[in-house]
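File shown: query-v1.pdb (PDB, C-alpha atoms, pLDDT in the B column).
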```pdb
ATOM      1  CA  MET F   1      99.428 106.270 100.128  1.00 44.00           C
ATOM      2  CA  ALA F   2     103.098 106.187  99.604  1.00 45.00           C
ATOM      3  CA  GLY F   3     105.224 104.023 101.835  1.00 49.00           C
ATOM      4  CA  HIS F   4     108.020 106.528 102.270  1.00 49.00           C
ATOM      5  CA  SER F   5     107.424 109.571 104.495  1.00 48.00           C
ATOM      6  CA  LYS F   6     110.101 111.756 102.895  1.00 52.00           C
ATOM      7  CA  PHE F   7     108.528 111.152  99.487  1.00 53.00           C
ATOM      8  CA  LYS F   8     105.127 112.164 100.858  1.00 53.00           C
ATOM      9  CA  ASN F   9     106.578 115.309 102.405  1.00 52.00           C
ATOM     10  CA  ILE F  10     108.155 116.314  99.090  1.00 52.00           C
ATOM     11  CA  MET F  11     104.816 115.946  97.322  1.00 52.00           C
ATOM     12  CA  HIS F  12     103.047 118.105  99.875  1.00 46.00           C
ATOM     13  CA  ARG F  13     105.735 120.770  99.883  1.00 47.00           C
ATOM     14  CA  LYS F  14     105.336 121.076  96.132  1.00 50.00           C
ATOM     15  CA  GLY F  15     101.830 122.406  96.733  1.00 49.00           C
ATOM     16  CA  ARG F  16      99.992 119.200  95.924  1.00 53.00           C
ATOM     17  CA  ALA F  17      98.484 118.723  99.377  1.00 58.00           C
ATOM     18  CA  ASP F  18      94.837 119.348  98.410  1.00 61.00           C
ATOM     19  CA  SER F  19      94.946 117.117  95.362  1.00 65.00           C
ATOM     20  CA  ALA F  20      96.853 114.410  97.213  1.00 69.00           C
ATOM     21  CA  ARG F  21      94.355 114.511 100.080  1.00 74.00           C
ATOM     22  CA  SER F  22      91.412 114.085  97.737  1.00 81.00           C
ATOM     23  CA  LYS F  23      93.024 111.009  96.215  1.00 83.00           C
ATOM     24  CA  LEU F  24      93.912 109.703  99.670  1.00 85.00           C
ATOM     25  CA  PHE F  25      90.279 109.967 100.799  1.00 87.00           C
ATOM     26  CA  SER F  26      89.195 108.027  97.716  1.00 88.00           C
ATOM     27  CA  LYS F  27      91.717 105.269  98.418  1.00 89.00           C
ATOM     28  CA  LEU F  28      90.771 105.077 102.083  1.00 90.00           C
ATOM     29  CA  SER F  29      87.106 104.713 101.119  1.00 90.00           C
ATOM     30  CA  ARG F  30      87.957 101.951  98.674  1.00 90.00           C
ATOM     31  CA  GLU F  31      89.919 100.045 101.306  1.00 91.00           C
ATOM     32  CA  ILE F  32      86.989 100.335 103.745  1.00 92.00           C
ATOM     33  CA  THR F  33      84.583  99.010 101.131  1.00 90.00           C
ATOM     34  CA  VAL F  34      86.837  96.077 100.231  1.00 89.00           C
ATOM     35  CA  ALA F  35      87.463  95.266 103.900  1.00 89.00           C
ATOM     36  CA  ALA F  36      83.738  95.375 104.711  1.00 89.00           C
ATOM     37  CA  LYS F  37      82.966  93.141 101.745  1.00 88.00           C
ATOM     38  CA  SER F  38      85.621  90.600 102.789  1.00 85.00           C
ATOM     39  CA  GLY F  39      83.916  89.890 106.124  1.00 85.00           C
ATOM     40  CA  LEU F  40      81.259  91.243 108.441  1.00 87.00           C
ATOM     41  CA  PRO F  41      80.413  94.963 108.006  1.00 88.00           C
ATOM     42  CA  ASP F  42      81.136  95.538 111.708  1.00 89.00           C
ATOM     43  CA  PRO F  43      84.609  96.844 112.654  1.00 88.00           C
ATOM     44  CA  ASN F  44      84.364  95.028 115.997  1.00 87.00           C
ATOM     45  CA  MET F  45      83.966  91.700 114.199  1.00 90.00           C
ATOM     46  CA  ASN F  46      86.235  92.326 111.204  1.00 89.00           C
ATOM     47  CA  ALA F  47      89.922  93.041 111.931  1.00 85.00           C
ATOM     48  CA  ARG F  48      90.711  94.305 108.436  1.00 87.00           C
ATOM     49  CA  LEU F  49      87.748  96.666 108.490  1.00 89.00           C
ATOM     50  CA  ARG F  50      88.732  97.897 111.955  1.00 88.00           C
ATOM     51  CA  LEU F  51      92.206  98.785 110.667  1.00 87.00           C
ATOM     52  CA  ALA F  52      90.763 100.480 107.577  1.00 89.00           C
ATOM     53  CA  VAL F  53      88.328 102.567 109.631  1.00 90.00           C
ATOM     54  CA  ASN F  54      90.995 103.544 112.173  1.00 86.00           C
ATOM     55  CA  ASN F  55      93.358 104.590 109.384  1.00 85.00           C
ATOM     56  CA  ALA F  56      90.598 106.631 107.760  1.00 89.00           C
ATOM     57  CA  LYS F  57      89.867 108.386 111.051  1.00 87.00           C
ATOM     58  CA  GLY F  58      93.582 109.054 111.466  1.00 81.00           C
ATOM     59  CA  GLU F  59      93.519 110.920 108.148  1.00 83.00           C
ATOM     60  CA  SER F  60      90.322 112.800 109.122  1.00 86.00           C
ATOM     61  CA  LEU F  61      88.056 111.044 106.629  1.00 89.00           C
ATOM     62  CA  PRO F  62      84.526 112.266 107.529  1.00 91.00           C
ATOM     63  CA  LYS F  63      82.356 109.804 109.467  1.00 93.00           C
ATOM     64  CA  ASP F  64      79.556 109.955 106.897  1.00 92.00           C
ATOM     65  CA  VAL F  65      82.003 108.915 104.165  1.00 91.00           C
ATOM     66  CA  ILE F  66      83.194 105.980 106.292  1.00 92.00           C
ATOM     67  CA  ASP F  67      79.607 104.893 106.999  1.00 91.00           C
ATOM     68  CA  ARG F  68      78.671 105.222 103.331  1.00 90.00           C
ATOM     69  CA  ALA F  69      81.610 103.049 102.253  1.00 89.00           C
ATOM     70  CA  ILE F  70      80.595 100.297 104.707  1.00 90.00           C
ATOM     71  CA  LYS F  71      76.931 100.531 103.699  1.00 87.00           C
ATOM     72  CA  LYS F  72      77.886 100.286 100.043  1.00 83.00           C
ATOM     73  CA  ALA F  73      79.650  96.985 100.699  1.00 82.00           C
ATOM     74  CA  SER F  74      76.997  95.497 102.987  1.00 79.00           C
ATOM     75  CA  GLY F  75      74.261  96.446 100.528  1.00 74.00           C
ATOM     76  CA  GLY F  76      75.935  94.567  97.710  1.00 69.00           C
ATOM     77  CA  GLU F  77      76.446  97.756  95.689  1.00 69.00           C
ATOM     78  CA  ALA F  78      80.233  97.724  95.778  1.00 64.00           C
ATOM     79  CA  GLU F  79      82.360  96.864  92.770  1.00 75.00           C
ATOM     80  CA  SER F  80      84.428  93.694  92.913  1.00 81.00           C
ATOM     81  CA  TYR F  81      88.019  94.737  93.471  1.00 86.00           C
ATOM     82  CA  GLU F  82      91.060  92.548  92.906  1.00 90.00           C
ATOM     83  CA  GLU F  83      94.230  92.943  94.993  1.00 92.00           C
ATOM     84  CA  ILE F  84      97.396  92.825  92.875  1.00 95.00           C
ATOM     85  CA  ARG F  85     101.060  93.480  93.643  1.00 96.00           C
ATOM     86  CA  TYR F  86     103.446  94.801  90.998  1.00 97.00           C
ATOM     87  CA  GLU F  87     107.215  94.956  91.391  1.00 97.00           C
ATOM     88  CA  GLY F  88     109.814  96.842  89.442  1.00 97.00           C
ATOM     89  CA  PHE F  89     112.861  99.073  89.420  1.00 97.00           C
ATOM     90  CA  GLY F  90     113.089 102.828  89.192  1.00 96.00           C
ATOM     91  CA  PRO F  91     116.001 105.082  88.170  1.00 95.00           C
ATOM     92  CA  GLY F  92     119.238 104.214  89.943  1.00 94.00           C
ATOM     93  CA  GLY F  93     118.155 100.611  90.492  1.00 95.00           C
ATOM     94  CA  VAL F  94     115.720 101.550  93.262  1.00 96.00           C
ATOM     95  CA  GLY F  95     113.239  98.775  94.083  1.00 96.00           C
ATOM     96  CA  VAL F  96     109.541  99.646  93.939  1.00 96.00           C
ATOM     97  CA  ILE F  97     106.520  97.658  95.133  1.00 96.00           C
ATOM     98  CA  VAL F  98     103.067  98.797  94.023  1.00 96.00           C
ATOM     99  CA  GLU F  99      99.898  97.498  95.682  1.00 95.00           C
ATOM    100  CA  VAL F 100      96.711  97.838  93.671  1.00 95.00           C
ATOM    101  CA  LEU F 101      92.981  97.495  94.297  1.00 92.00           C
ATOM    102  CA  THR F 102      91.244  97.436  90.923  1.00 93.00           C
ATOM    103  CA  ASP F 103      88.024  96.423  89.210  1.00 90.00           C
ATOM    104  CA  ASN F 104      89.902  96.086  85.905  1.00 93.00           C
ATOM    105  CA  ARG F 105      93.130  94.063  85.968  1.00 94.00           C
ATOM    106  CA  ASN F 106      94.046  94.881  82.356  1.00 96.00           C
ATOM    107  CA  ARG F 107      93.680  98.635  82.884  1.00 96.00           C
ATOM    108  CA  ALA F 108      95.709  98.574  86.090  1.00 96.00           C
ATOM    109  CA  ALA F 109      98.517  96.516  84.544  1.00 96.00           C
ATOM    110  CA  ALA F 110      98.715  98.755  81.476  1.00 97.00           C
ATOM    111  CA  ASN F 111      98.758 101.956  83.524  1.00 97.00           C
ATOM    112  CA  VAL F 112     101.379 100.744  85.989  1.00 97.00           C
ATOM    113  CA  ARG F 113     103.607  99.427  83.197  1.00 97.00           C
ATOM    114  CA  SER F 114     103.245 102.669  81.232  1.00 97.00           C
ATOM    115  CA  THR F 115     104.061 104.785  84.304  1.00 97.00           C
ATOM    116  CA  PHE F 116     107.250 102.835  84.951  1.00 98.00           C
ATOM    117  CA  SER F 117     108.311 103.190  81.294  1.00 97.00           C
ATOM    118  CA  LYS F 118     107.605 106.933  81.112  1.00 96.00           C
ATOM    119  CA  HIS F 119     109.745 107.658  84.170  1.00 96.00           C
ATOM    120  CA  GLY F 120     112.887 105.661  83.574  1.00 94.00           C
ATOM    121  CA  GLY F 121     111.760 102.482  85.320  1.00 96.00           C
ATOM    122  CA  ASN F 122     111.076  98.886  84.416  1.00 95.00           C
ATOM    123  CA  LEU F 123     108.227  96.682  85.583  1.00 95.00           C
ATOM    124  CA  GLY F 124     109.555  93.294  86.681  1.00 93.00           C
ATOM    125  CA  GLU F 125     108.152  89.857  87.357  1.00 92.00           C
ATOM    126  CA  THR F 126     106.409  88.982  90.616  1.00 89.00           C
ATOM    127  CA  GLY F 127     109.119  88.271  93.172  1.00 92.00           C
ATOM    128  CA  SER F 128     111.822  90.246  91.376  1.00 94.00           C
ATOM    129  CA  VAL F 129     111.873  92.858  94.154  1.00 95.00           C
ATOM    130  CA  ALA F 130     109.909  91.508  97.121  1.00 95.00           C
ATOM    131  CA  PHE F 131     112.638  89.074  98.164  1.00 95.00           C
ATOM    132  CA  MET F 132     114.729  92.106  99.181  1.00 94.00           C
ATOM    133  CA  TRP F 133     112.035  93.276 101.606  1.00 95.00           C
ATOM    134  CA  ASP F 134     110.378  92.052 104.801  1.00 95.00           C
ATOM    135  CA  ARG F 135     106.603  91.896 105.242  1.00 95.00           C
ATOM    136  CA  VAL F 136     105.987  93.674 108.549  1.00 96.00           C
ATOM    137  CA  GLY F 137     103.448  95.520 110.624  1.00 94.00           C
ATOM    138  CA  GLN F 138     103.780  99.308 110.556  1.00 94.00           C
ATOM    139  CA  ILE F 139     102.238 101.686 113.080  1.00 94.00           C
ATOM    140  CA  VAL F 140     102.643 105.429 112.555  1.00 93.00           C
ATOM    141  CA  TYR F 141     102.235 108.131 115.186  1.00 94.00           C
ATOM    142  CA  PRO F 142     102.603 111.895 114.705  1.00 92.00           C
ATOM    143  CA  ALA F 143     105.668 113.497 116.276  1.00 93.00           C
ATOM    144  CA  ALA F 144     103.385 115.069 118.881  1.00 94.00           C
ATOM    145  CA  ALA F 145     102.670 111.607 120.355  1.00 94.00           C
ATOM    146  CA  GLY F 146     105.866 111.892 122.394  1.00 94.00           C
ATOM    147  CA  SER F 147     109.618 112.256 122.350  1.00 95.00           C
ATOM    148  CA  GLU F 148     111.754 109.769 120.475  1.00 95.00           C
ATOM    149  CA  ASP F 149     112.799 108.148 123.762  1.00 95.00           C
ATOM    150  CA  SER F 150     109.275 107.904 125.188  1.00 95.00           C
ATOM    151  CA  VAL F 151     107.887 106.385 121.991  1.00 96.00           C
ATOM    152  CA  MET F 152     110.806 103.959 121.856  1.00 96.00           C
ATOM    153  CA  ASP F 153     110.128 102.893 125.465  1.00 96.00           C
ATOM    154  CA  ALA F 154     106.426 102.381 124.724  1.00 96.00           C
ATOM    155  CA  ALA F 155     107.249 100.394 121.585  1.00 97.00           C
ATOM    156  CA  ILE F 156     109.666  98.106 123.423  1.00 96.00           C
ATOM    157  CA  GLU F 157     107.114  97.533 126.170  1.00 96.00           C
ATOM    158  CA  ALA F 158     104.443  96.710 123.556  1.00 96.00           C
ATOM    159  CA  GLY F 159     106.660  94.137 121.851  1.00 96.00           C
ATOM    160  CA  ALA F 160     107.581  96.087 118.717  1.00 96.00           C
ATOM    161  CA  GLU F 161     110.785  95.321 116.809  1.00 95.00           C
ATOM    162  CA  ASP F 162     112.035  98.779 115.779  1.00 95.00           C
ATOM    163  CA  VAL F 163     111.229 102.497 115.702  1.00 95.00           C
ATOM    164  CA  GLU F 164     112.243 105.188 113.204  1.00 93.00           C
ATOM    165  CA  SER F 165     111.561 108.791 114.230  1.00 93.00           C
ATOM    166  CA  ASP F 166     111.930 112.058 112.319  1.00 88.00           C
ATOM    167  CA  GLU F 167     110.584 115.589 112.680  1.00 87.00           C
ATOM    168  CA  ASP F 168     107.159 114.585 111.341  1.00 88.00           C
ATOM    169  CA  GLU F 169     106.331 111.178 112.777  1.00 93.00           C
ATOM    170  CA  HIS F 170     107.306 107.984 114.579  1.00 95.00           C
ATOM    171  CA  THR F 171     107.164 104.767 112.554  1.00 95.00           C
ATOM    172  CA  ILE F 172     107.003 101.616 114.642  1.00 96.00           C
ATOM    173  CA  TYR F 173     107.678  98.209 113.095  1.00 96.00           C
ATOM    174  CA  THR F 174     106.366  94.888 114.355  1.00 96.00           C
ATOM    175  CA  ALA F 175     106.492  91.282 113.259  1.00 96.00           C
ATOM    176  CA  PHE F 176     103.764  90.744 110.661  1.00 92.00           C
ATOM    177  CA  GLU F 177     101.834  88.339 112.881  1.00 92.00           C
ATOM    178  CA  ASN F 178     102.051  90.590 115.971  1.00 93.00           C
ATOM    179  CA  LEU F 179     100.632  93.775 114.433  1.00 92.00           C
ATOM    180  CA  SER F 180      97.227  93.706 116.120  1.00 87.00           C
ATOM    181  CA  GLU F 181      98.618  92.845 119.561  1.00 91.00           C
ATOM    182  CA  VAL F 182     101.316  95.537 119.441  1.00 94.00           C
ATOM    183  CA  ALA F 183      98.900  98.145 118.066  1.00 92.00           C
ATOM    184  CA  THR F 184      96.493  97.512 120.948  1.00 91.00           C
ATOM    185  CA  ALA F 185      99.268  97.871 123.526  1.00 95.00           C
ATOM    186  CA  LEU F 186     100.542 101.067 121.916  1.00 95.00           C
ATOM    187  CA  GLU F 187      97.077 102.591 121.810  1.00 93.00           C
ATOM    188  CA  ALA F 188      96.828 102.122 125.572  1.00 94.00           C
ATOM    189  CA  ALA F 189     100.183 103.879 126.024  1.00 95.00           C
ATOM    190  CA  LEU F 190     100.162 106.555 123.312  1.00 95.00           C
ATOM    191  CA  GLY F 191      96.563 106.905 122.167  1.00 93.00           C
ATOM    192  CA  ALA F 192      95.179 106.258 118.688  1.00 89.00           C
ATOM    193  CA  ALA F 193      97.745 105.841 115.907  1.00 91.00           C
ATOM    194  CA  LYS F 194      97.704 107.816 112.687  1.00 88.00           C
ATOM    195  CA  SER F 195      97.824 104.558 110.734  1.00 88.00           C
ATOM    196  CA  THR F 196      98.208 100.845 111.359  1.00 90.00           C
ATOM    197  CA  ALA F 197      98.868  98.515 108.454  1.00 88.00           C
ATOM    198  CA  THR F 198     100.910  95.716 106.991  1.00 89.00           C
ATOM    199  CA  ALA F 199     103.874  97.103 105.081  1.00 92.00           C
ATOM    200  CA  TRP F 200     106.956  96.284 103.031  1.00 95.00           C
ATOM    201  CA  ARG F 201     110.244  97.223 104.697  1.00 94.00           C
ATOM    202  CA  PRO F 202     113.436  97.032 102.620  1.00 94.00           C
ATOM    203  CA  LYS F 203     116.309  95.013 104.029  1.00 95.00           C
ATOM    204  CA  ALA F 204     118.710  97.588 102.527  1.00 94.00           C
ATOM    205  CA  ARG F 205     118.354 100.969 100.828  1.00 94.00           C
ATOM    206  CA  THR F 206     119.719 102.036  97.467  1.00 95.00           C
ATOM    207  CA  PRO F 207     121.527 105.425  97.350  1.00 94.00           C
ATOM    208  CA  VAL F 208     120.368 107.679  94.526  1.00 93.00           C
ATOM    209  CA  ALA F 209     121.233 111.305  93.711  1.00 91.00           C
ATOM    210  CA  GLY F 210     121.216 113.950  90.984  1.00 90.00           C
ATOM    211  CA  ASP F 211     118.977 113.573  87.954  1.00 91.00           C
ATOM    212  CA  ALA F 212     118.143 109.974  88.876  1.00 93.00           C
ATOM    213  CA  ALA F 213     116.709 111.105  92.228  1.00 92.00           C
ATOM    214  CA  GLY F 214     114.506 113.701  90.559  1.00 92.00           C
ATOM    215  CA  VAL F 215     113.175 111.264  87.977  1.00 94.00           C
ATOM    216  CA  LEU F 216     112.615 108.632  90.674  1.00 94.00           C
ATOM    217  CA  LEU F 217     110.423 110.973  92.722  1.00 92.00           C
ATOM    218  CA  LYS F 218     108.405 111.763  89.596  1.00 92.00           C
ATOM    219  CA  LEU F 219     107.910 108.027  89.064  1.00 95.00           C
ATOM    220  CA  LEU F 220     106.748 107.496  92.653  1.00 93.00           C
ATOM    221  CA  GLU F 221     104.467 110.516  92.424  1.00 90.00           C
ATOM    222  CA  ALA F 222     102.940 109.306  89.147  1.00 94.00           C
ATOM    223  CA  LEU F 223     102.352 105.816  90.538  1.00 94.00           C
ATOM    224  CA  ASP F 224     100.715 107.220  93.661  1.00 91.00           C
ATOM    225  CA  ASP F 225      98.457 109.347  91.448  1.00 90.00           C
ATOM    226  CA  GLU F 226      97.015 106.271  89.723  1.00 92.00           C
ATOM    227  CA  ASP F 227      93.442 105.690  90.880  1.00 90.00           C
ATOM    228  CA  ASP F 228      93.922 101.918  91.148  1.00 93.00           C
ATOM    229  CA  VAL F 229      97.102 102.194  93.238  1.00 94.00           C
ATOM    230  CA  GLN F 230      96.694 101.927  97.006  1.00 92.00           C
ATOM    231  CA  HIS F 231     100.312 101.913  98.219  1.00 92.00           C
ATOM    232  CA  VAL F 232     103.751 102.592  96.781  1.00 94.00           C
ATOM    233  CA  TRP F 233     106.827 101.280  98.596  1.00 94.00           C
ATOM    234  CA  SER F 234     110.368 102.173  97.548  1.00 95.00           C
ATOM    235  CA  ASN F 235     113.852 101.596  98.960  1.00 95.00           C
ATOM    236  CA  GLU F 236     115.723 104.733  97.892  1.00 93.00           C
ATOM    237  CA  GLU F 237     118.125 106.614 100.116  1.00 92.00           C
ATOM    238  CA  ILE F 238     118.378 110.288  99.188  1.00 90.00           C
ATOM    239  CA  ASP F 239     120.664 112.726 100.989  1.00 87.00           C
ATOM    240  CA  SER F 240     118.855 115.439 103.005  1.00 83.00           C
ATOM    241  CA  ALA F 241     120.470 118.228 100.979  1.00 85.00           C
ATOM    242  CA  GLU F 242     119.308 116.533  97.793  1.00 85.00           C
ATOM    243  CA  LEU F 243     115.790 116.283  99.148  1.00 82.00           C
ATOM    244  CA  GLU F 244     115.805 119.990  99.960  1.00 82.00           C
ATOM    245  CA  ARG F 245     116.961 120.773  96.432  1.00 82.00           C
ATOM    246  CA  LEU F 246     114.242 118.603  94.920  1.00 79.00           C
ATOM    247  CA  ALA F 247     111.590 120.104  97.190  1.00 76.00           C
ATOM    248  CA  GLY F 248     112.609 123.615  96.170  1.00 67.00           C
TER
END
```

Entire entry expressed as structure tokens:
Amino acid sequence: MAGHSKFKNIMHRKGRADSARSKLFSKLSREITVAAKSGLPDPNMNARLRLAVNNAKGESLPKDVIDRAIKKASGGEAESYEEIRYEGFGPGGVGVIVEVLTDNRNRAAANVRSTFSKHGGNLGETGSVAFMWDRVGQIVYPAAAGSEDSVMDAAIEAGAEDVESDEDEHTIYTAFENLSEVATALEAALGAAKSTATAWRPKARTPVAGDAAGVLLKLLEALDDEDDVQHVWSNEEIDSAELERLAG
């Protein structure tokens, strides 16, 4: 579940949509299980579980899979997962934050470190990258939810802080502590969101081009492919023409 829409689009345009979707469903199920285990197994009484279920529905995860993931947690059958954040740098000095849910810390650390090394990156210490980012709420709507102006108006009315729109989707940012309140107001105005989550938003982006851009996307793709990895956030800025070249 990469944190950069252009990166996700590149992956899909390379013909990896089916494989990526299978992995996405697995990660969504894991998040539901962990959320259900962290509190009550009722989305109405567990805010984290409610977000996880809504996000799963937004990605068309079948209802029986959602119910099975919750039942697995409430029945005590679920593995014990640990939440870990890794930080590092990719080609061109691009900052990367990797969020992991794993039942084996040593395996996850080894795999993430190896992936960085194989693709021209370096895994750093905790805090080496995160200080350049803001922890925010992120609400994503498909482009069909409305025009850029109408979504912006709804976001302002709901108390959001910023909106970024492109041809595929609208990404609405909120203060971390206001995510639930803003999401509820937006749902009343625009309907159900595609996803609602806490996110990392870079304070500045790092331009990257040429060979470095290609290697960077391979790094992000490889990290996202790791079974233990839930989210990958990166702060690259790649020119549209360069993206088209890489997608081709």

Kindly resolve the PyMOL selection byres ((chain F and resi 61) around 10) on the present coordinates and return the residues as a PDB file with C-alpha atoms, keeping the file's coordinate frame.
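What follows is the written file out_13.pdb:
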```pdb
ATOM      1  CA  ARG F  21      94.355 114.511 100.080  1.00 74.00           C
ATOM      2  CA  SER F  22      91.412 114.085  97.737  1.00 81.00           C
ATOM      3  CA  LEU F  24      93.912 109.703  99.670  1.00 85.00           C
ATOM      4  CA  PHE F  25      90.279 109.967 100.799  1.00 87.00           C
ATOM      5  CA  SER F  26      89.195 108.027  97.716  1.00 88.00           C
ATOM      6  CA  LEU F  28      90.771 105.077 102.083  1.00 90.00           C
ATOM      7  CA  SER F  29      87.106 104.713 101.119  1.00 90.00           C
ATOM      8  CA  VAL F  53      88.328 102.567 109.631  1.00 90.00           C
ATOM      9  CA  ASN F  54      90.995 103.544 112.173  1.00 86.00           C
ATOM     10  CA  ASN F  55      93.358 104.590 109.384  1.00 85.00           C
ATOM     11  CA  ALA F  56      90.598 106.631 107.760  1.00 89.00           C
ATOM     12  CA  LYS F  57      89.867 108.386 111.051  1.00 87.00           C
ATOM     13  CA  GLY F  58      93.582 109.054 111.466  1.00 81.00           C
ATOM     14  CA  GLU F  59      93.519 110.920 108.148  1.00 83.00           C
ATOM     15  CA  SER F  60      90.322 112.800 109.122  1.00 86.00           C
ATOM     16  CA  PRO F  62      84.526 112.266 107.529  1.00 91.00           C
ATOM     17  CA  LYS F  63      82.356 109.804 109.467  1.00 93.00           C
ATOM     18  CA  ASP F  64      79.556 109.955 106.897  1.00 92.00           C
ATOM     19  CA  VAL F  65      82.003 108.915 104.165  1.00 91.00           C
ATOM     20  CA  ILE F  66      83.194 105.980 106.292  1.00 92.00           C
TER      21      ILE F  66
END
```

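Nearest to F:His170 of all the residues F:Val100, F:Ala143, F:Ala36, F:Leu217 is F:Ala143, counting only C-alpha atoms.
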
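Between F:Arg105 and the residues F:Leu123, F:Ile139, F:Met132, F:Ile84, the shortest atom-to-atom distance, using only C-alpha atoms, involves F:Ile84.
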
Notebook entry, point to check: Separation of atom CA of F:Glu167 and atom CA of F:Pro207, in Å?
Noted result: 21.4 Å

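Residue membership of the PyMOL selection byres ((chain F and resi 176) around 8) in the shown file amounts to Arg135, Val136, Gly137, Thr174, Ala175, Glu177, Asn178, Leu179 and Thr198 of chain F.
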
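Proximity ranking of F:Ile70, F:Leu219, F:Val129, F:Ala47 relative to F:Ser180 places F:Ala47 first, based on all atoms listed in the file.
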
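Each of F:Ala241, F:Arg50, F:Asn111, F:Leu220 was compared to F:Ser195 using all atoms listed in the file, and F:Arg50 turns out to be the nearest.
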
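Across the model, the gap from atom CA of F:Tyr86 to atom CA of F:Ala109 is 8.3 Å.
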
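Across the model, the gap from atom CA of F:Ala209 to atom CA of F:Phe89 is 15.4 Å.
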
Next item on the list: Using the chain letters and numbering of this document, enumerate as a VMD selection string the residues selected by the PyMOL selection byres ((chain F and resi 122) around 7).
Entry: chain F and resid 88 to 90 116 to 117 121 123 to 124

Item checked: Surrounding residues of F:Glu148 excluding itself and chain neighbours under 5 positions, 9 Å, only C-alpha atoms, as a VMD selection string -> chain F and resid 143 153 163 to 166 170

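Residues having any atom no farther than 9 Å from (83.1, 99.5, 106.5) (counting all atoms listed in the file) are Ser29, Glu31, Ile32, Thr33, Val34, Ala35, Ala36, Lys37, Leu40, Pro41, Asp42, Pro43, Leu49, Arg50, Ala52, Val53, Ile66, Asp67, Arg68, Ala69, Ile70, Lys71, Lys72, Ala73 and Ser74 of chain F.
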
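Between F:Thr196 and the candidates F:Glu161, F:Ser128, F:Val140, F:Ser114, the tightest atom-to-atom separation, counting all atoms listed in the file, involves F:Val140.
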
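With only C-alpha atoms as the atoms that count, the minimum distance from F:Ala188 to the choices F:Glu87, F:Glu157, F:Phe131, F:Asn46 is reached by F:Glu157.
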
Check: Neighbours of F:Ala185 within 9 Å (all atoms listed in the file; same-chain residues fewer than 6 positions away dropped), as a PyMOL selection string?
Finding: chain F and resi 154-155+157-159

Let me know the centre plus edge lengths, in Å and rounded to one decimal, of a box with edges along x, y and z that contains all listed atoms of stretch 187-206 of chain F and is padded by 6 Å on every side, as JSON.
```
{"center_x": 107.4, "center_y": 101.4, "center_z": 111.7, "size_x": 36.5, "size_y": 24.8, "size_z": 40.6}
```
